[in-house]
file data-v7.csv (CSV, C-alpha atoms and all ligand atoms)
chain,number,residue,atom,x,y,z
Y,1,MET,CA,0.0,0.0,0.0
Y,2,LYS,CA,1.3,3.4,-1.0
Y,3,GLY,CA,-0.2,6.6,0.2
Y,4,LEU,CA,0.1,10.4,-0.3
Y,5,VAL,CA,-0.9,12.7,2.5
Y,6,VAL,CA,-1.2,16.4,1.6
Y,7,ILE,CA,-1.6,19.3,4.1
Y,8,ILE,CA,-2.6,22.7,2.7
Y,9,ASP,CA,-1.6,25.3,5.2
Y,10,GLY,CA,-4.5,27.6,6.2
Y,11,CYS,CA,-7.2,26.0,3.9
Y,12,ASN,CA,-10.9,26.9,3.9
Y,13,PRO,CA,-13.5,24.4,2.7
Y,14,GLU,CA,-14.5,26.9,-0.1
Y,15,TYR,CA,-11.0,26.5,-1.6
Y,16,ILE,CA,-12.1,23.2,-3.0
Y,17,ASN,CA,-14.0,24.2,-6.1
Y,18,GLU,CA,-14.2,23.4,-9.8
Y,19,GLU,CA,-12.5,26.6,-10.9
Y,20,ALA,CA,-9.5,27.0,-8.5
Y,21,THR,CA,-8.8,23.4,-7.6
Y,22,PRO,CA,-10.2,21.1,-10.4
Y,23,PHE,CA,-8.2,18.0,-9.4
Y,24,LEU,CA,-9.1,18.3,-5.7
Y,25,TYR,CA,-12.7,19.0,-6.6
Y,26,ALA,CA,-12.8,15.8,-8.7
Y,27,LEU,CA,-11.3,13.8,-5.8
Y,28,LYS,CA,-13.9,15.3,-3.5
Y,29,GLU,CA,-16.7,14.2,-5.9
Y,30,LYS,CA,-15.3,10.7,-6.4
Y,31,GLY,CA,-14.0,10.0,-3.0
Y,32,GLY,CA,-14.9,10.6,0.6
Y,33,TYR,CA,-15.3,14.2,1.8
Y,34,MET,CA,-16.1,15.9,5.1
Y,35,GLU,CA,-15.4,19.1,6.9
Y,36,ILE,CA,-13.6,18.7,10.2
Y,37,SER,CA,-13.2,21.0,13.2
Y,38,PHE,CA,-10.0,21.9,15.0
Y,39,THR,CA,-8.9,23.6,18.2
Y,40,PRO,CA,-7.8,27.2,17.7
Y,41,THR,CA,-4.2,26.7,18.8
Y,42,PHE,CA,-1.1,27.7,17.0
Y,43,ALA,CA,0.3,24.1,17.1
Y,44,ASN,CA,-2.1,22.2,14.9
Y,45,ARG,CA,0.8,20.1,13.5
Y,46,VAL,CA,1.1,18.5,16.9
Y,47,GLU,CA,-2.6,17.5,17.0
Y,48,ILE,CA,-2.3,16.1,13.4
Y,49,PHE,CA,0.8,14.0,14.0
Y,50,THR,CA,0.2,12.8,17.6
Y,51,GLY,CA,-3.6,12.1,17.1
Y,52,LYS,CA,-4.0,13.8,20.5
Y,53,SER,CA,-5.9,16.8,21.8
Y,54,PRO,CA,-3.8,20.0,22.5
Y,55,ARG,CA,-4.7,19.6,26.2
Y,56,THR,CA,-3.1,16.2,26.4
Y,57,THR,CA,0.1,17.3,24.6
Y,58,ASP,CA,0.1,20.7,26.3
Y,59,THR,CA,0.6,22.6,23.1
Y,60,PHE,CA,-1.1,26.0,22.5
Y,61,VAL,CA,1.3,28.7,21.3
Y,62,ASP,CA,5.0,28.7,20.6
Y,63,PHE,CA,6.1,31.4,23.1
Y,64,CYS,CA,5.4,31.0,26.8
Y,65,TYR,CA,6.3,33.1,29.9
Y,66,ASP,CA,9.3,31.2,31.2
Y,67,PRO,CA,12.1,33.5,32.5
Y,68,LYS,CA,14.1,30.5,33.9
Y,69,ARG,CA,14.4,28.8,30.6
Y,70,SER,CA,14.5,31.8,28.3
Y,71,PRO,CA,17.3,31.5,25.7
Y,72,PHE,CA,17.4,35.3,25.8
Y,73,LYS,CA,18.2,35.6,29.6
Y,74,PHE,CA,21.5,37.2,28.8
Y,75,LEU,CA,19.5,40.3,27.6
Y,76,LYS,CA,18.2,40.9,31.1
Y,77,PHE,CA,20.6,43.8,31.7
Y,78,LEU,CA,18.7,45.7,29.0
Y,79,ARG,CA,16.0,47.4,31.1
Y,80,LYS,CA,15.5,50.0,28.4
Y,81,LYS,CA,12.3,51.5,27.1
Y,82,VAL,CA,9.9,49.0,25.8
Y,83,THR,CA,9.5,49.5,22.1
Y,84,LEU,CA,7.8,47.6,19.3
Y,85,LYS,CA,9.2,47.8,15.8
Y,86,ASN,CA,10.0,45.7,12.8
Y,87,ARG,CA,13.2,43.7,13.5
Y,88,SER,CA,15.5,43.4,10.6
Y,89,PRO,CA,16.2,39.8,9.3
Y,90,THR,CA,19.9,40.3,10.2
Y,91,VAL,CA,19.2,41.2,13.8
Y,92,ARG,CA,16.7,38.3,14.1
Y,93,LYS,CA,19.4,35.9,12.8
Y,94,LEU,CA,21.9,37.3,15.2
Y,95,LEU,CA,19.6,37.0,18.2
Y,96,SER,CA,18.7,33.5,17.1
Y,97,LEU,CA,22.4,32.6,17.0
Y,98,CYS,CA,22.8,34.0,20.5
Y,99,SER,CA,19.8,31.9,21.7
Y,100,PHE,CA,21.5,28.8,20.2
Y,101,LEU,CA,24.8,29.6,22.1
Y,102,SER,CA,22.9,30.0,25.4
Y,103,SER,CA,20.3,27.2,25.1
Y,104,GLY,CA,21.2,24.9,22.2
Y,105,PHE,CA,18.1,26.0,20.2
Y,106,PHE,CA,17.7,28.5,17.4
Y,107,VAL,CA,14.8,30.6,18.6
Y,108,ASP,CA,13.5,33.3,16.2
Y,109,PRO,CA,12.8,36.3,18.4
Y,110,ILE,CA,10.4,37.8,15.8
Y,111,ASN,CA,9.4,41.3,16.9
Y,112,ILE,CA,9.1,40.6,20.6
Y,113,PRO,CA,10.3,43.8,22.3
Y,114,LEU,CA,14.0,43.5,23.3
Y,115,SER,CA,13.3,44.1,27.0
Y,116,PHE,CA,10.5,41.4,27.0
Y,117,LEU,CA,12.7,38.7,25.4
Y,118,PRO,CA,14.4,37.5,28.6
Y,119,TYR,CA,10.9,36.5,29.9
Y,120,PHE,CA,9.8,34.3,27.0
Y,121,SER,CA,10.8,30.9,25.9
Y,122,LEU,CA,9.7,28.3,23.3
Y,123,ASN,CA,7.1,26.0,24.8
Y,124,GLU,CA,8.8,22.9,26.2
Y,125,SER,CA,6.1,20.6,25.0
Y,126,MET,CA,6.6,21.9,21.5
Y,127,ILE,CA,10.3,21.1,21.8
Y,128,LYS,CA,9.4,17.6,23.0
Y,129,PHE,CA,7.2,17.1,19.9
Y,130,LEU,CA,9.9,18.2,17.6
Y,131,ASN,CA,12.3,15.7,19.2
Y,132,ASP,CA,9.7,12.9,18.9
Y,133,GLU,CA,9.4,13.8,15.2
Y,134,ARG,CA,13.2,13.8,14.7
Y,135,LYS,CA,13.8,10.6,16.6
Y,136,ARG,CA,10.7,9.0,15.2
Y,137,THR,CA,9.4,7.8,18.5
Y,138,GLU,CA,6.0,6.0,19.0
Y,139,GLU,CA,4.5,9.3,20.1
Y,140,HIS,CA,4.6,10.5,16.5
Y,141,LEU,CA,2.7,9.1,13.5
Y,142,PHE,CA,6.0,8.8,11.6
Y,143,GLY,CA,7.4,6.6,14.3
Y,144,VAL,CA,4.3,4.4,14.3
Y,145,LEU,CA,4.4,4.0,10.6
Y,146,GLU,CA,8.2,3.2,10.5
Y,147,ARG,CA,7.7,0.6,13.2
Y,148,GLU,CA,5.2,-1.1,10.9
Y,149,GLY,CA,7.7,-1.2,8.1
Y,150,PHE,CA,6.5,1.8,6.1
Y,151,GLU,CA,8.9,4.1,4.5
Y,152,VAL,CA,8.1,7.7,5.5
Y,153,ASP,CA,9.1,10.9,3.7
Y,154,PHE,CA,8.1,14.4,4.7
Y,155,LEU,CA,8.4,17.5,2.5
Y,156,TYR,CA,7.4,21.1,3.5
Y,157,GLY,CA,7.7,24.1,1.3
Y,158,THR,CA,6.3,26.2,-1.4
Y,159,THR,CA,4.8,24.6,-4.6
Y,160,VAL,CA,8.0,25.4,-6.5
Y,161,GLY,CA,10.2,24.1,-3.7
Y,162,VAL,CA,8.2,20.9,-3.3
Y,163,MET,CA,8.1,20.1,-7.0
Y,164,LYS,CA,11.9,20.5,-7.2
Y,165,ARG,CA,12.5,17.8,-4.6
Y,166,VAL,CA,9.5,15.5,-4.6
Y,167,MET,CA,10.3,13.6,-7.8
Y,168,GLY,CA,13.1,11.8,-6.0
Y,169,MET,CA,10.7,10.7,-3.2
Y,170,LEU,CA,8.1,8.8,-5.3
Y,171,HIS,CA,9.8,5.4,-5.2
Y,172,GLY,CA,8.8,2.5,-2.9
Y,173,GLU,CA,5.9,0.1,-2.5
Y,174,ARG,CA,5.1,0.3,1.2
Y,175,LYS,CA,5.3,4.0,1.7
Y,176,VAL,CA,3.6,7.1,3.0
Y,177,LEU,CA,4.7,10.5,1.5
Y,178,PHE,CA,3.6,13.6,3.5
Y,179,VAL,CA,3.7,16.9,1.6
Y,180,HIS,CA,2.9,20.1,3.4
Y,181,PHE,CA,2.2,23.1,1.1
Y,182,GLY,CA,3.1,26.1,3.2
Y,183,GLU,CA,2.6,29.2,1.1
Y,184,THR,CA,-1.2,29.4,1.3
Y,185,ASP,CA,-0.8,30.5,4.9
Y,186,GLY,CA,1.5,33.5,4.0
Y,187,ILE,CA,-0.7,34.5,1.1
Y,188,GLY,CA,-3.8,34.2,3.2
Y,189,HIS,CA,-2.3,36.6,5.7
Y,190,LYS,CA,-0.9,39.0,3.2
Y,191,CYS,CA,-3.6,39.1,0.5
Y,192,GLY,CA,-6.7,37.6,2.2
Y,193,PRO,CA,-8.5,34.2,1.8
Y,194,ASN,CA,-10.7,35.4,-1.1
Y,195,SER,CA,-7.9,37.2,-3.1
Y,196,PRO,CA,-6.9,36.5,-6.8
Y,197,GLU,CA,-3.4,35.7,-5.4
Y,198,MET,CA,-4.9,32.9,-3.3
Y,199,ARG,CA,-6.9,31.5,-6.3
Y,200,LYS,CA,-3.7,31.5,-8.4
Y,201,THR,CA,-1.7,29.7,-5.7
Y,202,LEU,CA,-4.5,27.1,-5.2
Y,203,ARG,CA,-4.6,26.4,-8.9
Y,204,LEU,CA,-0.8,25.7,-8.9
Y,205,ILE,CA,-1.1,23.5,-5.8
Y,206,SER,CA,-4.0,21.5,-7.2
Y,207,ALA,CA,-2.0,20.8,-10.4
Y,208,ALA,CA,1.1,19.9,-8.4
Y,209,ILE,CA,-0.9,17.4,-6.3
Y,210,LYS,CA,-2.3,15.8,-9.5
Y,211,LYS,CA,1.2,15.5,-10.9
Y,212,ILE,CA,2.6,13.9,-7.7
Y,213,PHE,CA,-0.3,11.5,-7.2
Y,214,GLU,CA,-0.2,10.3,-10.8
Y,215,SER,CA,3.6,10.1,-11.2
Y,216,GLY,CA,4.0,8.2,-7.9
Y,217,LYS,CA,1.2,5.7,-8.7
Y,218,PHE,CA,-0.2,6.1,-5.2
Y,219,ASP,CA,-3.0,3.8,-4.0
Y,220,PHE,CA,-4.7,6.5,-2.0
Y,221,ILE,CA,-4.6,10.2,-1.1
Y,222,PHE,CA,-5.6,12.4,1.8
Y,223,VAL,CA,-5.8,16.1,1.4
Y,224,PHE,CA,-6.7,18.5,4.3
Y,225,GLY,CA,-6.1,21.9,5.9
Y,226,ASP,CA,-4.4,22.3,9.3
Y,227,HIS,CA,-6.5,25.5,10.1
Y,228,ASN,CA,-8.7,27.9,8.3
Y,229,MET,CA,-8.1,31.6,7.2
Y,230,VAL,CA,-10.5,34.4,8.1
Y,231,GLN,CA,-10.8,37.7,6.2
Y,232,VAL,CA,-9.7,40.5,8.6
Y,233,HIS,CA,-12.1,43.5,8.4
Y,234,GLU,CA,-10.9,45.6,11.4
Y,235,ASN,CA,-7.8,46.2,13.4
Y,236,LEU,CA,-7.2,47.1,17.0
Y,237,ASN,CA,-4.0,48.9,18.1
Y,238,LEU,CA,-3.9,47.4,21.5
Y,239,TRP,CA,-0.2,48.3,21.9
Y,240,GLN,CA,-1.1,52.0,21.8
Y,241,GLY,CA,-4.0,51.5,24.2
Y,242,LEU,CA,-1.9,49.7,26.7
Y,243,ARG,CA,0.9,52.3,26.6
Y,244,LYS,CA,-1.5,55.0,27.6
Y,245,LEU,CA,-2.4,53.2,30.9
Y,246,GLU,CA,-0.8,54.5,34.1
Y,247,ILE,CA,1.1,51.3,34.7
Y,248,LYS,CA,4.5,50.4,33.3
Y,249,PRO,CA,5.4,47.3,31.2
Y,250,LEU,CA,8.1,45.2,32.9
Y,251,GLN,CA,7.7,47.0,36.2
Y,252,ASP,CA,3.9,46.2,36.6
Y,253,TYR,CA,3.1,43.7,33.9
Y,254,ILE,CA,4.2,41.9,30.8
Y,255,PHE,CA,2.2,40.9,27.8
Y,256,PHE,CA,2.5,39.1,24.5
Y,257,LEU,CA,0.6,40.2,21.4
Y,258,ASN,CA,-0.4,37.2,19.2
Y,259,SER,CA,-2.6,38.4,16.4
Y,260,PRO,CA,-6.1,37.1,17.4
Y,261,MET,CA,-5.3,37.4,21.1
Y,262,ALA,CA,-3.2,39.1,23.8
Y,263,ARG,CA,-1.8,37.4,26.9
Y,264,PHE,CA,-0.9,39.1,30.1
Y,265,TRP,CA,1.1,38.4,33.3
Y,266,PHE,CA,1.0,40.7,36.3
Y,267,ARG,CA,3.4,41.8,39.0
Y,268,ASN,CA,0.8,43.4,41.2
Y,269,GLU,CA,-3.0,43.5,41.7
Y,270,ARG,CA,-3.3,47.1,40.7
Y,271,ALA,CA,-1.9,46.4,37.2
Y,272,GLU,CA,-4.3,43.4,36.8
Y,273,GLU,CA,-7.3,45.7,37.7
Y,274,ILE,CA,-6.3,48.4,35.4
Y,275,VAL,CA,-5.7,46.1,32.4
Y,276,LYS,CA,-9.0,44.2,33.1
Y,277,GLU,CA,-10.8,47.5,33.1
Y,278,HIS,CA,-9.2,48.6,29.9
Y,279,LEU,CA,-10.0,45.4,28.2
Y,280,SER,CA,-13.6,45.3,29.3
Y,281,SER,CA,-14.0,48.8,27.7
Y,282,LEU,CA,-13.1,47.3,24.3
Y,283,LYS,CA,-16.0,45.9,22.3
Y,284,CYS,CA,-13.9,43.9,19.8
Y,285,GLY,CA,-12.9,41.0,22.0
Y,286,LYS,CA,-13.4,39.4,25.4
Y,287,VAL,CA,-11.4,38.0,28.3
Y,288,VAL,CA,-11.8,34.2,28.1
Y,289,THR,CA,-12.5,32.2,31.2
Y,290,LYS,CA,-10.6,29.0,32.1
Y,291,LYS,CA,-13.9,27.2,31.7
Y,292,GLU,CA,-14.2,28.3,28.1
Y,293,LEU,CA,-10.5,27.4,27.4
Y,294,LYS,CA,-11.1,23.9,28.8
Y,295,LYS,CA,-14.3,23.5,26.8
Y,296,ARG,CA,-12.3,24.2,23.6
Y,297,GLU,CA,-9.6,21.8,24.8
Y,298,ILE,CA,-7.0,24.5,25.1
Y,299,PRO,CA,-4.4,23.7,27.8
Y,300,VAL,CA,-4.7,26.0,30.8
Y,301,HIS,CA,-1.4,27.0,32.4
Y,302,GLU,CA,0.1,30.2,33.8
Y,303,LYS,CA,2.9,30.0,31.2
Y,304,TYR,CA,0.3,30.7,28.5
Y,305,GLY,CA,-1.1,33.8,30.2
Y,306,GLU,CA,-2.7,34.7,33.6
Y,307,LEU,CA,-5.2,36.5,31.5
Y,308,ILE,CA,-6.1,36.0,27.8
Y,309,PHE,CA,-8.0,38.5,25.7
Y,310,TRP,CA,-9.4,37.0,22.5
Y,311,MET,CA,-10.5,39.0,19.5
Y,312,LYS,CA,-13.9,38.6,17.8
Y,313,LYS,CA,-13.7,36.8,14.4
Y,314,GLY,CA,-12.2,39.0,11.7
Y,315,ILE,CA,-10.7,41.6,14.1
Y,316,ASN,CA,-7.0,41.6,14.4
Y,317,ILE,CA,-4.5,43.0,16.9
Y,318,SER,CA,-2.2,45.2,14.9
Y,319,PRO,CA,0.7,45.7,15.4
Y,320,ASP,CA,1.5,42.5,17.1
Y,321,PHE,CA,4.7,40.6,17.9
Y,322,TYR,CA,4.7,38.7,14.6
Y,323,HIS,CA,3.5,41.4,12.1
Y,324,THR,CA,4.1,45.1,12.1
Y,325,GLN,CA,2.3,45.5,8.8
Y,326,LYS,CA,-1.5,45.1,8.6
Y,327,VAL,CA,-2.6,41.7,7.4
Y,328,LYS,CA,-5.8,40.8,5.4
Y,329,GLY,CA,-6.3,37.3,6.8
Y,330,MET,CA,-5.9,35.7,10.2
Y,331,HIS,CA,-6.6,32.4,11.9
Y,332,GLY,CA,-6.9,31.2,15.5
Y,333,TYR,CA,-10.3,32.8,16.4
Y,334,LEU,CA,-12.5,31.2,19.0
Y,335,ASP,CA,-15.1,30.2,16.4
Y,336,GLU,CA,-17.3,27.2,17.0
Y,337,ASP,CA,-18.1,26.8,13.3
Y,338,ALA,CA,-14.5,26.9,12.0
Y,339,ARG,CA,-13.8,23.9,9.7
Y,340,VAL,CA,-11.2,22.6,7.3
Y,341,PRO,CA,-11.8,20.3,4.3
Y,342,PHE,CA,-10.8,16.7,4.4
Y,343,ILE,CA,-10.7,14.6,1.2
Y,344,ALA,CA,-9.9,10.9,1.1
Y,345,PHE,CA,-9.7,9.0,-2.1
Y,346,ARG,CA,-8.7,5.5,-2.9
Y,347,LYS,CA,-8.0,4.2,-6.4
Y,348,ASP,CA,-9.8,0.9,-6.0
Y,349,GLY,CA,-12.7,0.8,-3.5
Y,350,GLU,CA,-15.0,3.3,-2.0
Y,351,LEU,CA,-14.2,5.3,1.2
Y,352,ARG,CA,-17.2,6.3,3.3
Y,353,MET,CA,-16.7,8.8,6.0
Y,354,ARG,CA,-18.3,9.7,9.3
Y,355,LYS,CA,-20.3,12.9,9.6
Y,356,ARG,CA,-18.1,14.7,12.2
Y,357,GLY,CA,-14.5,14.6,12.9
Y,358,ARG,CA,-11.5,16.6,14.3
Y,359,LEU,CA,-7.9,17.1,13.3
Y,360,ARG,CA,-6.7,14.4,15.7
Y,361,ASP,CA,-8.8,11.8,13.8
Y,362,ILE,CA,-6.7,12.0,10.7
Y,363,ALA,CA,-3.7,10.0,12.0
Y,364,PRO,CA,-6.0,7.2,13.2
Y,365,THR,CA,-7.8,7.3,9.9
Y,366,LEU,CA,-4.6,6.8,8.0
Y,367,LEU,CA,-3.6,3.9,10.3
Y,368,ASP,CA,-7.0,2.4,9.9
Y,369,LEU,CA,-6.7,2.4,6.1
Y,370,LEU,CA,-3.2,0.8,6.4
Y,371,GLY,CA,-4.5,-1.8,8.8
Y,372,VAL,CA,-2.2,-0.6,11.7
Y,373,ARG,CA,-3.4,-0.3,15.3
Y,374,SER,CA,-2.1,2.4,17.7
Y,375,GLU,CA,-3.3,2.6,21.3
Y,376,ARG,CA,-1.7,5.9,22.0
Y,377,MET,CA,-3.9,8.1,19.9
Y,378,GLU,CA,-7.0,9.8,21.2
Y,379,GLY,CA,-8.7,10.4,17.9
Y,380,ARG,CA,-10.7,7.7,16.1
Y,381,SER,CA,-10.9,6.7,12.4
Y,382,LEU,CA,-13.1,8.8,10.2
Y,383,LEU,CA,-13.8,5.8,8.0
Y,384,LYS,CA,-17.3,4.2,8.2
Y,385,ARG,CA,-17.4,0.4,8.3
Y,386,LYS,CA,-19.5,-1.1,5.6
Q,1,ZN,ZN,-0.6,31.6,9.8

call {"tool": "encode", "arguments": {"input": "data-v7.csv", "output": "structure tokens", "more": "lines below"}}
Ligand SMILES: [Zn+2]
result
Amino acid sequence: MKGLVVIIDGCNPEYINEEATPFLYALKEKGGYMEISFTPTFANRVEIFTGKSPRTTDTFVDFCYDPKRSPFKFLKFLRKKVTLKNRSPTVRKLLSLCSFLSSGFFVDPINIPLSFLPYFSLNESMIKFLNDERKRTEEHLFGVLEREGFEVDFLYGTTVGVMKRVMGMLHGERKVLFVHFGETDGIGHKCGPNSPEMRKTLRLISAAIKKIFESGKFDFIFVFGDHNMVQVHENLNLWQGLRKLEIKPLQDYIFFLNSPMARFWFRNERAEEIVKEHLSSLKCGKVVTKKELKKREIPVHEKYGELIFWMKKGINISPDFYHTQKVKGMHGYLDEDARVPFIAFRKDGELRMRKRGRLRDIAPTLLDLLGVRSERMEGRSLLKRK
């Protein structure tokens, strides 16, 4: 059995249509199709490849409050003014190199203010996942497949980059090839999910998938998105609002601006009260309770924020620590209806799917089709028994 598993980064169900993605549309019509839900974390890859919920793997966002383990501890002497500006690629590379020398990991400091850097570190659970992937342990789908004697290849990149390298990876009989097309995420952010640029990219990806599937003579194919992309219609300059408050960053509190949410840590009660009051005056988002986080299966831990303010769908925090330019698309909203497409097609034989599913069900579905059992995964196969 030989399979092709394709991830399209930031993919909406509407992207699968006759005009933009004719090959994927034909697969959808002939094979099994469903729309699956996902937890609004920024670590969807972990859910896909472990088959477990983000609460179990403790993965939510990449940067956590963790002054003890911060690879930027050495910057602590810099108690300068807190400023937010676009960091040049050279400075980012230099700081990343410094982080490697101090911690053994290259950590991209993006645009996190210099004086905030010593308080943030990459999430330890995320590092564990990356190690599991590299060492192909049983915690990772790749490890499970290799234990069963399948050859596994994984390719991530742009369509052009993927097509340059993929042709050397098509050989083998007992094999699963994973291809992750990454550029749709960047284009979704920059140009928006409904832009001509997105349609053009999708056309290229659909044609590339057709070529890979046919040249490799695969027996089956899965195609799905890891998260969706929402059109941004409004921006909030939270940075400016916070700087006008009568409390001082670092001295009274610290915060992290992800795009659809802001996370806070406080040094005193007064700061907490003032920030809460400020946030409650804003109509474009809400402070989320632990109960709601748990309901959405988001791990609850102080390292992720003592307080989290989440934006309403389509409203973006701008600037944030990732982007200083305004973006036209964003993901990660607390939206109950968010779905990504999941297509499964098999050359000989029909595939019938369940009605509902989640991202963590994909790995068990793949194993089910290959006749492999894994007790470690929490998801369950999306295939319907005849
Ligand atoms: Zn993104």

call {"tool": "residues_near_ligand", "arguments": {"input": "data-v7.csv", "ligand": "ligand ZN 1 (chain Q)", "cutoff": "7 Å", "atoms": "all atoms listed in the file", "output": "PyMOL selection string"}}
result
chain Y and resi 10+185-186+189+330-331

call {"tool": "residues_around", "arguments": {"input": "data-v7.csv", "residues": "Thr57 of chain Y", "least_positions_apart": "6", "cutoff": "10 Å", "atoms": "all atoms listed in the file", "output": "NGL selection string"}}
result
:Y and (46-47 or 50-51 or 125-126 or 128-129 or 299)

call {"tool": "residues_near_point", "arguments": {"input": "data-v7.csv", "point": "(-1.0, 43.3, 17.7)", "cutoff": "12 Å", "atoms": "only C-alpha atoms", "output": "number ranges by chain"}}
result
Y: 84-85, 111-112, 234-242, 255-263, 309-311, 315-327, 330

call {"tool": "atom_distance", "arguments": {"input": "data-v7.csv", "atom1": "atom CA of Val5 of chain Y", "atom2": "atom CA of Phe224 of chain Y"}}
result
8.4 Å

call {"tool": "atom_distance", "arguments": {"input": "data-v7.csv", "atom1": "atom CA of Pro109 of chain Y", "atom2": "atom CA of Ser96 of chain Y"}}
result
6.7 Å

call {"tool": "residues_around", "arguments": {"input": "data-v7.csv", "residues": "Thr83 of chain Y", "least_positions_apart": "4", "cutoff": "9 Å", "atoms": "only C-alpha atoms", "output": "MDAnalysis selection string"}}
result
chainID Y and resid 113:115

call {"tool": "closest_residue", "arguments": {"input": "data-v7.csv", "among": "Y:Tyr25, Y:Phe178, Y:Phe38, Y:Phe266", "to": "Val152 of chain Y", "atoms": "all atoms listed in the file"}}
result
Y:Phe178

call {"tool": "atom_distance", "arguments": {"input": "data-v7.csv", "atom1": "atom CA of Asp368 of chain Y", "atom2": "atom CA of Leu383 of chain Y"}}
result
7.8 Å

call {"tool": "residues_around", "arguments": {"input": "data-v7.csv", "residues": "Asp132 of chain Y", "least_positions_apart": "6", "cutoff": "10 Å", "atoms": "all atoms listed in the file", "output": "PDB file with C-alpha atoms, in the frame of the given file"}}
result
ATOM      1  CA  THR Y  50       0.200  12.800  17.600  1.00  0.00           C
ATOM      2  CA  MET Y 126       6.600  21.900  21.500  1.00  0.00           C
ATOM      3  CA  GLU Y 138       6.000   6.000  19.000  1.00  0.00           C
ATOM      4  CA  GLU Y 139       4.500   9.300  20.100  1.00  0.00           C
ATOM      5  CA  HIS Y 140       4.600  10.500  16.500  1.00  0.00           C
ATOM      6  CA  LEU Y 141       2.700   9.100  13.500  1.00  0.00           C
ATOM      7  CA  PHE Y 142       6.000   8.800  11.600  1.00  0.00           C
ATOM      8  CA  GLY Y 143       7.400   6.600  14.300  1.00  0.00           C
TER       9      GLY Y 143
END

call {"tool": "closest_residue", "arguments": {"input": "data-v7.csv", "among": "Y:Gly192, Y:Gly149, Y:Pro22, Y:Pro40", "to": "Pro54 of chain Y", "atoms": "all atoms listed in the file"}}
result
Y:Pro40

call {"tool": "closest_residue", "arguments": {"input": "data-v7.csv", "among": "Y:Tyr15, Y:Phe72, Y:Ser53, Y:Met1", "to": "Gly379 of chain Y", "atoms": "all atoms listed in the file"}}
result
Y:Ser53

call {"tool": "closest_residue", "arguments": {"input": "data-v7.csv", "among": "Y:Ile362, Y:Met198, Y:Ile212, Y:Ile110", "to": "Ile343 of chain Y", "atoms": "all atoms listed in the file"}}
result
Y:Ile362

call {"tool": "closest_residue", "arguments": {"input": "data-v7.csv", "among": "Y:Ser103, Y:Arg203, Y:Glu297, Y:Glu375", "to": "Glu19 of chain Y", "atoms": "only C-alpha atoms"}}
result
Y:Arg203
